[in-house]
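Okay, so here's the structure we're looking at.
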Amino acid sequence: MKKSKKSLALLCALMMSYASLPIFAATATTKDVPISQPTRQEVAAKPAAKRAAVPLTKENVEKFTKEFFANPNLQKWATGAVVSVVKGDEVLLNEGYGYKDRETKQKIDPEETLFYIGSVSKVFTATAVMQLIEQGKIDLDADITKYLGDIKIKNETGSPVTVKDLLTHTSGVDYADTGFSIDAELDSNNYYSMKDELRNNTFRIINKPGTVYSYDNFASQLQGFIVEQVTGQKFEDYAEKHLFDVLDMENSSFVLEKDKADQLASSYDWKGEKLKPAVFKPTVMPEGSMSSTGKDMANYMLAVLNGGVFEGKQLLSKDSLTKMLTPQVSIHPAVPNMTYGFEYYTHHEFNGHNFVLKSGNIPGFVSQVAFLPDKNIGVFISSNQYNNLRGIYMSAFMDHFYPDERPTPKYSQPSQQQLLKFEGRYRNLREGYNVTQIKANSDGSITVIDGMGTTIFRQVDSLFFLSEEGFPLAFKEEDGKVKYIYTLLHGLSWAEKLEASVVYTDIVEDHPYRKYIDGLSPLVAFGEEGSTVLEPTKEMTRAEFAHLLMELFDFGYRHHDKPAFKDVEGHKYEVSINEAVVYKIIDASMVKDGKFEPDRMIERQEAAVWMYKVLKTFQTAPKPPVKLAGTTDEWAKEAVQYMLAHGYYGPEVIKHQDGSIDFLSKKGLKRQEAAAILYRYVYPNYSERK
């Protein structure tokens with residue numbers, strides 16, 4: 001298949017692909033999101049001429065990688081990295097590039113320098129589970145309640161969650177990212193128990209287990225806890241003896257020991273600002289607290305590529321390993337999603353070759369391990385700055401050594417009428433603010449409009465489409481109707497077709513805010529849930545807006561021993577307010593006398609500040625400043641400036657002839673205006689479309 005090649009300079013500057021552990025600055029975590037999300041057209045530049053593959057040898061990969069890291073565009077934003085490449089039973093490359101610490105100019109040592117590998121940890125957790133399945137201590141098809149002891153998970157489906165569901169991220173859980181936090185301000189001297197965190201969980205199983213794929217940190221944490229329950233050992237102790245000792249991964253651990261703290265690379269955000277060392281809660285996170293080196297990860301890859309054996313020691317049986325390298329969940333045969341531990345979400349980067357990978361992020365660290373099983377190749381890369389180095393390197397690596405040799409696909413020629421069943425809006429099952437719109441075209445193509453831009457796809461078979469750039473688009477039917485979708489934007493989750501908009505009796509057809517309200521109503525409830533009366537000009541309360549943000553951005557909820565403020569106890573939105581404080585959206589230090597005043601009207605400038613605290617953690621590229629008109633308090637100017645620059649406002653704002661804009665900062669935020677602001681974020685590339 002012909003495929004457009006990626007522009008390295010452009011990608012270096014713009015792209016951050018999907019991760020695994022979510023990032024919320026260096027504090028409590030929420031979602032993994034891309035930095036400066038590019039359009040698909042920006043990701044795929046002009047096609048490159050076809051050329052023969054370069055043989056993957058030690059000399060060639062050393063030369064290729066050295067030249068890759070010498071790129072001046074890359075050096076502007078990549079502080080340091082380690083890369084390991086393994087072929088068969090040979091390590092072809094294990095090298096550090098750039099700095100362990102930019103300020104002191106310490107170089108990276110691939111044998112000693114530690115990197116937090118984030119959710120790459122999950123493949124080790126899954127490996128531990130697979131070991132115990134081999135030993136008959138865990139049943140793959142067993143109800144997980146068999147192994148949870150007194151830990152209770154609320155299941156609203158009537159169908160049990162199995163161990164297999166945990167391994168394939170099909171547990172059906174709501175808010176899978178709320179059972180942990182990564183916060184540099186936590187007390188690093190405390191040991192936060194996994195069991196304590198799980199005991200206080202508010203997880204709910206809302207989709208029938210085994211039926212839908214959505215990336216699941218909750219599942220990996222439960223896997224680790226089950227290992228503890230079955231073995232009677234702390235998870236970190238089990239991992240050390242049965243994983244790291246077997247593989248001679250002498251510098252790897254799920255808990256960074258104090259005597260190795262100086263081996264940890266310093267970490268940097270996307271702008272190059274140094275971050276404080278992360279503190280995990282719980283202290284041991286099977287889903288993401290592991291640290292490792294290039295050498296240690298090379299040992300792991302050698303075991304995977306050699307039937308589960310490393311230097312005569314057996315990590316896993318060949319049968320178990322094969323299951324971990326084989327798709328177990330696929331929305332379509334051409335688009336696999338998950339194995340027992342590994343994932344697929346950058347299909348376009350691998351040029352049609354068979355692959356599995358696992359990526360991971362924590363604040364300041366971005367990592368990936370990838371395998372090409374048919375080629376007997378493994379690649380590990382980790383960066384100590386938040387960027388998409390892993391994706392850029394892997395894409396360039398594949399283009400150099402394993403270019404695309406597929407023939408041009410043969411497209412179907414459906415009528416527009418035949419494509420109408422795909423039309424609609426689809427909400428990401430994990431990140432509900434990511435919405436994709438599908439439109440059928442008269443020329444037999446469909447248009448996809450989402451946060452990455454507008455793209456034309458053509459049909460390959462009944463439920464599978466491709467763009468000109470080679471990006472996949474797959475659908476899944478349920479009861480004869482299209483129900484789920486997979487796109488690049490939703491790479492770590494399927495998206496579900498949205499229901500029709502709520503019909504509000506007080507919103508007429510030509511209401512100036514109609515399109516905003518219609519677009520948001522299937523996602524979040526404005527006003528009284530279930531009511532068909534919106535009262536669009538009613539001013540929102542502080543509690544109502546806090547709840548709206550928590551619901552739209554899928555922050556999730558957890559158990560709280562006491563309310564964040566003394567005047568919110570028993571309030572209908574108490575839990576939302578508590579969570580907004582945890583995520584530092586609401587600054588508790590700015591509240592007088594411990595009173596939040598939940599039912600007080602929220603000013604537009606205060607709403608802008610809260611929204612800004614959510615969105616700036618997504619680390620989007622800066623935009624040219626807008627000249628402010630009207631009156632805005634000093635503490636809110638940065639946030640209001642951000643909202644105006646990104647177009648997050650409705651028709652109520654006042655635009656002057658000199659280009660300045662009045663956000664009406666001191667006025668109360670009306671429900672209809674909140675709908676416009678949030679709509680402009682959720683639907684950035686079709687905000688003017690109905």
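By convention in this document, the chains of the structure tokens carry letters A, B, ... by their order, each chain's residues are numbered from 1, and ligands are numbered from 1 in the order they are shown.
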
- Message: DSSP on the backbone: which residues in stretch 526-640 of chain A end up as helix (DSSP H, G or I)? Give the answer as an MDAnalysis selection string.
- Response: chainID A and resid 542:552 574:582 588:590 592:594 604:618 634:640

- Task: Would you list the contacts of A:Phe422 as a PyMOL selection string, taking every protein, DNA or RNA residue within 9 Å and counting only C-alpha atoms, but skipping same-chain residues closer than 5 positions in sequence?
- Result: chain A and resi 438-440+446+475+482-483

- Which parts of stretch 442-571 of chain A does DSSP call strand (DSSP E) when run on the backbone here, written out as a ChimeraX atom specification? /A:445-450,453-461,464-467,472-478,481-486,495-497

- Message: Taking 2 positions as the minimum chain separation for residues in the same chain, which residues sit within 12 Å of A:Ile138 when counting only C-alpha atoms? Answer as a PyMOL selection string.
- Response: chain A and resi 128-136+140-148+162-164+223+226-231

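Nearest to A:Ile381 of all the residues A:Leu198, A:Val329, A:Met338, A:Val120 is A:Val120, counting only C-alpha atoms.
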